[in-house]
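Below: structure_29.txt (compact mmCIF, C-alpha atoms)
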# COMPACT_ATOMS: atom_id res chain seq x y z
CA MET A 1 0.00 0.00 0.00
CA GLU A 2 1.67 3.18 -1.20
CA ASN A 3 1.98 6.26 1.00
CA ALA A 4 0.60 8.88 -1.41
CA ARG A 5 2.06 11.87 0.43
CA LEU A 6 5.53 10.34 0.46
CA ALA A 7 5.24 9.45 -3.25
CA GLN A 8 4.33 13.06 -4.04
CA GLN A 9 7.29 14.35 -2.02
CA ILE A 10 9.65 11.99 -3.82
CA ARG A 11 8.38 13.20 -7.21
CA PHE A 12 9.41 16.71 -6.12
CA ILE A 13 12.83 15.42 -5.00
CA ALA A 14 13.27 13.76 -8.40
CA GLU A 15 12.20 16.90 -10.30
CA VAL A 16 14.63 19.21 -8.50
CA ASP A 17 17.53 16.97 -9.52
CA LYS A 18 17.44 19.26 -12.59
CA LEU A 19 19.08 22.00 -10.49
CA LYS A 20 22.37 20.14 -11.10
CA ASN A 21 22.11 21.07 -14.75
CA VAL A 22 21.55 24.81 -14.24
CA PHE A 23 24.97 26.38 -14.73
CA ARG A 24 26.17 29.73 -13.44
CA GLN A 25 28.80 32.15 -14.72
CA THR A 26 31.11 31.43 -11.78
CA LEU A 27 33.85 28.83 -12.23
CA VAL A 28 34.75 26.29 -9.57
CA THR A 29 38.36 26.11 -8.42
CA GLY A 30 40.49 23.20 -9.65
CA SER A 31 38.88 22.10 -12.91
CA ARG A 32 37.55 25.63 -13.61
CA ARG A 33 34.31 24.43 -15.14
CA HIS A 34 31.12 26.43 -14.60
CA GLU A 35 29.45 25.90 -11.24
CA ASN A 36 25.89 24.60 -11.08
CA ASP A 37 23.13 25.79 -8.77
CA ALA A 38 22.98 22.62 -6.68
CA GLU A 39 26.64 22.63 -5.65
CA HIS A 40 26.47 26.43 -5.21
CA SER A 41 23.56 25.89 -2.78
CA TRP A 42 25.57 23.29 -0.84
CA HIS A 43 28.50 25.68 -0.59
CA LEU A 44 26.27 28.46 0.79
CA CYS A 45 24.81 26.15 3.42
CA LEU A 46 28.25 25.05 4.49
CA MET A 47 29.26 28.71 4.78
CA VAL A 48 26.26 29.32 7.03
CA ILE A 49 27.28 26.70 9.57
CA VAL A 50 30.88 27.95 9.55
CA LEU A 51 30.16 31.70 9.55
CA ALA A 52 26.92 31.97 11.56
CA GLU A 53 28.76 33.74 14.39
CA HIS A 54 29.41 36.66 12.02
CA ALA A 55 25.72 37.35 11.32
CA ASN A 56 24.84 40.89 12.35
CA THR A 57 21.91 39.59 14.37
CA PRO A 58 23.03 37.29 17.19
CA GLN A 59 20.85 34.21 17.54
CA VAL A 60 19.88 34.24 13.88
CA ASP A 61 17.69 31.15 13.21
CA ILE A 62 20.24 28.99 11.39
CA LEU A 63 17.75 26.29 10.43
CA ARG A 64 15.59 28.85 8.63
CA VAL A 65 18.64 30.32 6.87
CA LEU A 66 19.59 26.81 5.68
CA LYS A 67 16.07 26.04 4.47
CA MET A 68 16.03 29.30 2.47
CA LEU A 69 19.37 28.57 0.86
CA LEU A 70 18.51 24.95 0.07
CA ILE A 71 15.52 26.12 -1.99
CA HIS A 72 16.49 29.65 -3.08
CA ASP A 73 17.64 28.69 -6.59
CA ILE A 74 15.13 25.93 -7.38
CA VAL A 75 13.10 28.44 -9.40
CA GLU A 76 16.02 28.60 -11.85
CA ILE A 77 15.11 25.11 -13.08
CA ASP A 78 12.38 26.85 -15.08
CA ALA A 79 13.58 30.47 -15.11
CA GLY A 80 17.30 29.88 -15.78
CA ASP A 81 20.21 31.54 -14.05
CA THR A 82 20.40 35.32 -14.34
CA PHE A 83 23.97 36.63 -14.24
CA ALA A 84 24.28 39.16 -11.43
CA TYR A 85 25.54 41.85 -13.83
CA ASP A 86 23.07 41.27 -16.67
CA THR A 87 20.85 44.28 -15.96
CA ALA A 88 18.66 43.79 -19.06
CA ARG A 89 17.79 40.22 -18.13
CA MET A 90 17.39 41.08 -14.45
CA ALA A 91 14.39 43.29 -15.29
CA GLY A 92 11.99 40.39 -15.80
CA GLN A 93 13.73 38.06 -13.40
CA HIS A 94 11.36 38.16 -10.45
CA ALA A 95 8.24 37.62 -12.57
CA ARG A 96 9.85 34.63 -14.33
CA GLU A 97 10.96 33.16 -11.05
CA ALA A 98 7.58 33.64 -9.36
CA LEU A 99 5.95 31.57 -12.12
CA ALA A 100 8.60 28.92 -11.63
CA ALA A 101 7.95 28.93 -7.88
CA ASP A 102 4.24 28.31 -8.54
CA ARG A 103 4.98 25.25 -10.65
CA LEU A 104 7.88 23.75 -8.73
CA PHE A 105 6.75 24.26 -5.13
CA GLY A 106 3.27 23.34 -6.40
CA LEU A 107 4.54 19.78 -6.84
CA LEU A 108 4.67 19.43 -3.05
CA PRO A 109 1.77 18.71 -0.69
CA THR A 110 -0.17 21.94 0.01
CA ASP A 111 1.29 22.61 3.46
CA GLN A 112 4.88 22.21 2.26
CA CYS A 113 4.20 24.23 -0.88
CA ALA A 114 3.06 27.10 1.35
CA GLU A 115 6.07 26.73 3.66
CA PHE A 116 8.61 26.72 0.81
CA ARG A 117 6.93 29.58 -1.00
CA ALA A 118 6.98 31.64 2.20
CA LEU A 119 10.70 30.87 2.64
CA TRP A 120 11.44 31.87 -0.94
CA ASP A 121 9.41 35.09 -0.62
CA GLU A 122 11.24 35.88 2.63
CA PHE A 123 14.61 35.32 0.93
CA GLU A 124 13.66 37.51 -2.01
CA ALA A 125 12.35 40.35 0.18
CA ARG A 126 15.57 40.46 2.26
CA LEU A 127 13.89 42.08 5.26
CA THR A 128 14.37 39.57 8.08
CA PRO A 129 17.74 38.94 9.78
CA GLU A 130 17.69 35.40 8.36
CA ALA A 131 17.08 36.57 4.79
CA LYS A 132 19.77 39.25 5.09
CA PHE A 133 22.33 36.74 6.30
CA ALA A 134 21.31 34.21 3.62
CA ALA A 135 21.66 36.91 0.95
CA ALA A 136 25.08 37.88 2.31
CA MET A 137 26.29 34.28 1.83
CA ASP A 138 24.72 34.13 -1.65
CA ARG A 139 26.63 37.25 -2.72
CA PHE A 140 29.92 36.57 -0.98
CA GLN A 141 30.38 33.04 -2.36
CA PRO A 142 30.68 33.96 -6.08
CA MET A 143 33.00 36.85 -5.15
CA LEU A 144 35.22 34.37 -3.32
CA LEU A 145 35.23 31.90 -6.23
CA ASN A 146 35.95 34.73 -8.67
CA CYS A 147 38.94 35.79 -6.60
CA LEU A 148 40.16 32.18 -6.37
CA THR A 149 40.00 31.85 -10.18
CA GLU A 150 41.86 35.11 -10.97
CA GLY A 151 38.63 36.97 -11.67
CA ALA A 152 37.63 34.59 -14.46
CA ALA A 153 33.89 35.39 -14.64
CA TRP A 154 34.50 39.14 -14.11
CA ARG A 155 37.07 39.30 -16.89
CA MET A 156 34.89 37.19 -19.21
CA HIS A 157 32.13 39.80 -18.90
CA GLY A 158 34.25 42.95 -18.47
CA ILE A 159 32.98 43.71 -14.97
CA SER A 160 34.74 46.49 -13.02
CA SER A 161 35.28 46.80 -9.28
CA ASP A 162 32.72 49.58 -8.80
CA ARG A 163 30.02 47.31 -10.20
CA VAL A 164 31.14 44.44 -7.97
CA LEU A 165 31.03 46.69 -4.92
CA ALA A 166 27.63 48.16 -5.85
CA ARG A 167 26.05 44.79 -6.66
CA ASN A 168 27.27 43.08 -3.51
CA GLY A 169 27.20 45.94 -1.02
CA HIS A 170 24.13 44.57 0.73
CA ILE A 171 26.35 41.89 2.26
CA VAL A 172 26.87 44.56 4.93
CA ASP A 173 23.20 44.25 5.95
CA GLY A 174 23.69 40.59 6.88
CA ALA A 175 27.30 40.34 8.01
CA THR A 176 29.40 43.49 8.45
CA GLU A 177 32.65 41.61 9.07
CA VAL A 178 32.20 39.47 5.97
CA TRP A 179 31.64 42.63 3.94
CA ALA A 180 34.85 44.16 5.34
CA TYR A 181 36.69 41.00 4.29
CA ALA A 182 35.07 41.09 0.84
CA ALA A 183 35.99 44.73 0.29
CA ARG A 184 39.67 43.97 1.05
CA MET A 185 39.50 40.95 -1.22
CA ILE A 186 38.24 43.17 -4.05
CA GLN A 187 41.07 45.66 -3.48
CA GLN A 188 43.54 42.78 -3.74
CA ALA A 189 41.89 41.49 -6.93
CA VAL A 190 42.24 44.93 -8.49
CA ALA A 191 45.86 45.20 -7.35
CA ALA A 192 46.59 41.77 -8.85
CA GLY A 193 45.01 42.75 -12.18
CA HIS A 194 42.17 40.22 -11.86
CA LEU A 195 39.47 42.86 -11.77
CA ALA A 196 39.31 46.17 -13.67
CA LYS A 197 39.33 49.26 -11.52
CA MET B 1 42.70 45.19 10.38
CA GLU B 2 41.97 41.61 9.43
CA ASN B 3 39.76 39.32 11.50
CA ALA B 4 42.08 36.29 11.80
CA ARG B 5 39.36 33.86 12.82
CA LEU B 6 37.18 34.83 9.86
CA ALA B 7 40.14 34.56 7.50
CA GLN B 8 40.85 31.03 8.77
CA GLN B 9 37.22 30.05 8.29
CA ILE B 10 37.23 31.40 4.74
CA ARG B 11 40.36 29.39 3.92
CA PHE B 12 38.39 26.27 4.93
CA ILE B 13 35.44 27.37 2.78
CA ALA B 14 37.81 27.82 -0.18
CA GLU B 15 39.47 24.44 0.37
CA VAL B 16 36.22 22.48 0.44
CA ASP B 17 35.28 23.88 -2.96
CA LYS B 18 37.24 20.80 -4.09
CA LEU B 19 34.25 18.64 -3.13
CA LYS B 20 32.69 19.76 -6.44
CA ASN B 21 35.38 17.79 -8.25
CA VAL B 22 34.89 14.50 -6.38
CA PHE B 23 32.69 12.41 -8.65
CA ARG B 24 30.50 9.48 -7.70
CA GLN B 25 29.29 6.44 -9.64
CA THR B 26 25.71 7.72 -9.69
CA LEU B 27 24.52 9.64 -12.75
CA VAL B 28 22.33 12.75 -12.52
CA THR B 29 19.07 12.78 -14.47
CA GLY B 30 18.91 14.86 -17.63
CA SER B 31 22.50 15.10 -18.86
CA ARG B 32 23.43 11.74 -17.24
CA ARG B 33 26.89 12.84 -16.24
CA HIS B 34 28.40 11.57 -12.99
CA GLU B 35 27.20 13.32 -9.86
CA ASN B 36 29.68 15.07 -7.60
CA ASP B 37 29.74 15.04 -3.81
CA ALA B 38 28.76 18.70 -3.38
CA GLU B 39 25.54 18.50 -5.37
CA HIS B 40 24.81 15.09 -3.80
CA SER B 41 25.11 16.75 -0.37
CA TRP B 42 22.71 19.50 -1.40
CA HIS B 43 20.20 16.93 -2.61
CA LEU B 44 20.36 15.04 0.70
CA CYS B 45 19.77 18.23 2.70
CA LEU B 46 16.81 19.11 0.54
CA MET B 47 15.42 15.61 1.11
CA VAL B 48 15.76 16.14 4.86
CA ILE B 49 13.59 19.24 4.90
CA VAL B 50 10.98 17.57 2.68
CA LEU B 51 10.96 14.14 4.34
CA ALA B 52 11.67 14.95 8.01
CA GLU B 53 8.15 13.91 9.01
CA HIS B 54 9.02 10.33 7.95
CA ALA B 55 11.93 9.97 10.36
CA ASN B 56 11.31 7.06 12.72
CA THR B 57 12.04 9.29 15.71
CA PRO B 58 9.56 12.17 15.96
CA GLN B 59 11.21 15.48 16.80
CA VAL B 60 14.50 14.47 15.24
CA ASP B 61 16.89 17.47 15.44
CA ILE B 62 16.75 18.60 11.80
CA LEU B 63 19.50 21.19 12.17
CA ARG B 64 21.92 18.52 13.40
CA VAL B 65 20.92 16.19 10.56
CA LEU B 66 21.60 18.99 8.07
CA LYS B 67 24.97 19.82 9.59
CA MET B 68 26.00 16.15 9.38
CA LEU B 69 24.99 15.89 5.75
CA LEU B 70 26.64 19.17 4.76
CA ILE B 71 29.98 17.85 6.00
CA HIS B 72 29.63 14.04 5.70
CA ASP B 73 31.49 13.72 2.39
CA ILE B 74 34.15 16.42 2.86
CA VAL B 75 36.65 13.71 3.83
CA GLU B 76 36.41 12.41 0.25
CA ILE B 77 38.39 15.45 -0.94
CA ASP B 78 41.45 13.57 0.32
CA ALA B 79 40.13 9.99 0.56
CA GLY B 80 38.19 9.83 -2.71
CA ASP B 81 34.73 8.40 -3.23
CA THR B 82 34.30 4.71 -2.39
CA PHE B 83 31.60 3.04 -4.48
CA ALA B 84 29.02 1.47 -2.19
CA TYR B 85 29.52 -1.97 -3.77
CA ASP B 86 33.34 -1.95 -3.93
CA THR B 87 33.93 -4.27 -0.97
CA ALA B 88 37.70 -4.47 -1.48
CA ARG B 89 38.12 -0.71 -1.36
CA MET B 90 35.63 -0.33 1.49
CA ALA B 91 37.99 -2.26 3.79
CA GLY B 92 40.38 0.64 4.30
CA GLN B 93 37.79 3.34 3.83
CA HIS B 94 37.25 4.47 7.40
CA ALA B 95 40.98 4.75 8.17
CA ARG B 96 41.58 6.81 4.99
CA GLU B 97 38.66 9.06 5.80
CA ALA B 98 39.66 9.58 9.43
CA LEU B 99 43.05 10.90 8.25
CA ALA B 100 41.24 13.20 5.84
CA ALA B 101 39.00 14.43 8.65
CA ASP B 102 42.09 15.30 10.70
CA ARG B 103 43.52 17.43 7.92
CA LEU B 104 40.37 19.05 6.58
CA PHE B 105 38.47 19.83 9.79
CA GLY B 106 41.87 20.79 11.22
CA LEU B 107 41.83 23.83 8.94
CA LEU B 108 39.04 25.31 11.09
CA PRO B 109 39.42 27.11 14.43
CA THR B 110 39.79 24.54 17.23
CA ASP B 111 36.22 24.77 18.55
CA GLN B 112 34.71 24.28 15.11
CA CYS B 113 37.16 21.51 14.25
CA ALA B 114 35.93 19.64 17.34
CA GLU B 115 32.26 20.30 16.49
CA PHE B 116 32.60 19.10 12.88
CA ARG B 117 34.64 16.05 13.85
CA ALA B 118 32.02 15.09 16.44
CA LEU B 119 29.28 15.46 13.82
CA TRP B 120 31.22 13.31 11.35
CA ASP B 121 31.93 10.65 13.99
CA GLU B 122 28.24 10.66 14.93
CA PHE B 123 27.26 10.22 11.28
CA GLU B 124 29.72 7.37 10.80
CA ALA B 125 28.65 5.54 14.00
CA ARG B 126 24.95 5.64 13.00
CA LEU B 127 23.71 5.26 16.57
CA THR B 128 21.68 8.42 17.21
CA PRO B 129 18.26 9.08 15.66
CA GLU B 130 19.80 11.99 13.71
CA ALA B 131 22.62 9.87 12.29
CA LYS B 132 20.21 7.06 11.37
CA PHE B 133 17.93 9.45 9.50
CA ALA B 134 20.89 11.15 7.80
CA ALA B 135 22.22 7.75 6.71
CA ALA B 136 18.78 6.79 5.39
CA MET B 137 18.81 9.86 3.13
CA ASP B 138 22.39 9.15 2.05
CA ARG B 139 21.44 5.62 0.96
CA PHE B 140 18.02 6.36 -0.54
CA GLN B 141 19.19 9.20 -2.81
CA PRO B 142 21.54 7.16 -5.07
CA MET B 143 18.90 4.39 -5.26
CA LEU B 144 16.41 6.98 -6.49
CA LEU B 145 18.83 8.42 -9.07
CA ASN B 146 19.71 4.92 -10.26
CA CYS B 147 16.03 4.15 -10.78
CA LEU B 148 15.53 7.44 -12.62
CA THR B 149 18.43 6.60 -14.98
CA GLU B 150 17.28 3.05 -15.80
CA GLY B 151 19.73 1.52 -13.35
CA ALA B 152 22.76 3.03 -15.10
CA ALA B 153 25.31 2.72 -12.28
CA TRP B 154 24.01 -0.71 -11.22
CA ARG B 155 24.24 -2.07 -14.75
CA MET B 156 27.67 -0.50 -15.29
CA HIS B 157 28.97 -2.49 -12.30
CA GLY B 158 26.80 -5.62 -12.60
CA ILE B 159 25.04 -5.08 -9.27
CA SER B 160 22.04 -7.34 -8.48
CA SER B 161 18.94 -6.55 -6.44
CA ASP B 162 19.94 -8.69 -3.44
CA ARG B 163 23.13 -6.61 -3.07
CA VAL B 164 21.16 -3.36 -3.36
CA LEU B 165 18.72 -4.54 -0.69
CA ALA B 166 21.51 -5.75 1.63
CA ARG B 167 23.62 -2.60 1.23
CA ASN B 168 20.77 -0.18 1.79
CA GLY B 169 18.64 -2.10 4.26
CA HIS B 170 19.66 0.14 7.13
CA ILE B 171 17.41 2.83 5.67
CA VAL B 172 14.76 1.07 7.78
CA ASP B 173 16.56 2.16 10.96
CA GLY B 174 16.07 5.83 10.07
CA ALA B 175 12.84 5.92 8.09
CA THR B 176 10.66 2.80 7.83
CA GLU B 177 8.25 4.32 5.30
CA VAL B 178 11.09 5.44 3.03
CA TRP B 179 12.49 1.92 3.13
CA ALA B 180 9.10 0.47 2.17
CA TYR B 181 9.03 2.88 -0.78
CA ALA B 182 12.60 1.96 -1.73
CA ALA B 183 11.86 -1.77 -1.63
CA ARG B 184 8.92 -1.33 -4.02
CA MET B 185 11.09 0.87 -6.25
CA ILE B 186 13.67 -1.95 -6.43
CA GLN B 187 11.00 -4.49 -7.35
CA GLN B 188 9.90 -2.22 -10.19
CA ALA B 189 13.49 -1.74 -11.35
CA VAL B 190 13.90 -5.52 -11.52
CA ALA B 191 10.58 -5.91 -13.35
CA ALA B 192 11.64 -3.22 -15.85
CA GLY B 193 14.98 -4.97 -16.49
CA HIS B 194 17.03 -2.09 -15.02
CA LEU B 195 18.44 -4.19 -12.20
CA ALA B 196 19.46 -7.86 -12.26
CA LYS B 197 17.46 -10.14 -9.98

Conversion result in C-alpha cells:
Amino acid sequence: MENARLAQQIRFIAEVDKLKNVFRQTLVTGSRRHENDAEHSWHLCLMVIVLAEHANTPQVDILRVLKMLLIHDIVEIDAGDTFAYDTARMAGQHAREALAADRLFGLLPTDQCAEFRALWDEFEARLTPEAKFAAAMDRFQPMLLNCLTEGAAWRMHGISSDRVLARNGHIVDGATEVWAYAARMIQQAVAAGHLAK
Amino acid sequence: MENARLAQQIRFIAEVDKLKNVFRQTLVTGSRRHENDAEHSWHLCLMVIVLAEHANTPQVDILRVLKMLLIHDIVEIDAGDTFAYDTARMAGQHAREALAADRLFGLLPTDQCAEFRALWDEFEARLTPEAKFAAAMDRFQPMLLNCLTEGAAWRMHGISSDRVLARNGHIVDGATEVWAYAARMIQQAVAAGHLAK
C-alpha cells in the first residue's frame, strides 16, 4: 500500500535533480568548469554553519537560513540563471521566477508548498535577519570563487570593481565583518590585475 | 585590520570547494553525467527538509541532521569516493577518511574543528536518531537516481537486487516508510529490467 504523500514528495525530490544542470557564470576552483546551482547551494549552506557567528543579528535562526538557501535557486530550473551583472535580463527576473515557484513548489503537498513559498518570498524580500544573512552568503560566495579563479567570470564579462562593490554591497546588511573581508579581497583582486578598476 | 578567525574560516570554505570535483558512480538525471559530492550533499539536505516527518524518531533534530549531511562527504576530498559496492576498497575506507577528517576539519578554528569532527563521527557511527535518519537519506538518494536513470550505475557495475537490498537495508533504521518505498522501487526496477534479480 503506497503512501501517497511520500510518493508526491519523492516526485518533487526527483524533479529538482534538474538543479544540477543549471549552470552559473562562476567557475569552480580546480577544474575551472562552470558551477551549477545545486553545488552552489551546498557551498552556501556550508558557509552558514561555519560563519553563523558573524551574522549581524546574534541568535539568527540557522535552520531557517539553511532552508532558504537549500531552496532559493530551485526556481532557476524553469527560469534559468540570471547573471548578477546582466541588468537587461534582471528586469523580468522576479516575474519569471515567481511563475517557476508556482509550478515547482506546487509539486509538493499543500502545506509544504506554502512553507517553501513563504521561505522563498522571505529570501527575495531580504527584510528579516535570516534573509539578510542568507543573501550575504549568496553574494559573498561567487566573489570568493571569482577571486580564487583570478577573476575569471569578471574578466569574461568585463565587470569592473565599482560594479562588484555596488552589486554586492548589501552583504553589509547581513554580516558586516564578511563585507569588510570582501571589500579587502576586491582591493587585492584589483591590485593583482584580476578585476578592472 | 583583518579578523584572523574569519580569514581562517574562509580558507576552509575555499578548500572544500574541491568537493565539487569529487565524482560518484551515480549519474544525474537529464544530462546523465556523474554526480559530484557537493551537489549530492545539497540533494540530501533538501530531502531532509521535505521528508523529516518520515523519520522514525519524531522530533528528530533537523539542524543537526543537516549539519552532518553538509559535511559528511568532505573527507572524500582527500580519501576519494568509495563506491558502495566496492567491498575491497571499502575495507580501508574508514581509516583513509579519518586521516582526511584530521587534515580538513583541522583547517578550522579549534572549537569548530571539534564540532565538525564530532558530527562526522556521529554520522559514521549511526547510533543516534539523527545519524540514522541522515544515513537513510544518504542511501536512498543514489537508489532513487539509479532508478531514474534506468539503473545506469548498477548495470555498469553488474550489481544485483539482493546486493542493493543488503547494502541499503539500514534505511529502515532511520525511516521505515522510506524503506518500504525503496523496496517497491527496487522491485519495479527488476521488473523493468534495469536491475538484475

Sorted by chain and rising residue number, which residues of chain B lie within 6 Å of chain A, and what are their closest atom pairs and distances in Å to one decimal, counting all atoms listed in the file, as a tab-separated table?
residue	atom	partner	partner_atom	distance
B:Ala38	CA	A:Glu39	CA	5.0
B:Glu39	CA	A:Glu39	CA	4.3
B:Trp42	CA	A:Trp42	CA	4.8
B:Leu63	CA	A:Leu63	CA	5.7

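You can rank A:Met156, A:Ala175, A:Ala118, A:Ile186 by their closest distance to Met68 in chain A using only C-alpha atoms, and at the top of that list sits A:Ala118.
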
Surrounding residues of range 157-160 of chain B excluding itself and chain neighbours under 5 positions, 10 Å, all atoms listed in the file, as a PyMOL selection string
chain B and resi 25+83+85-86+151-152+165+190+194-197

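For the atom pair formed by CA of Glu130 in chain A and CA of Ile171 in chain A, the distance is 12.4 Å, given to one decimal.
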
Give me, as a PyMOL selection string, all polymer residues having an atom no more than 9 Å from Arg96 in chain B, counting all atoms listed in the file and skipping those fewer than 2 positions away in the same chain.
chain B and resi 75-76+78-80+92-94+98-101

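Counting from CA of Pro58 in chain A, the distance to CA of Pro142 in chain A is 24.7 Å.
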
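In this model, the gap between CA of Asp138 in chain A and CA of Arg89 in chain A comes to 18.9 Å.
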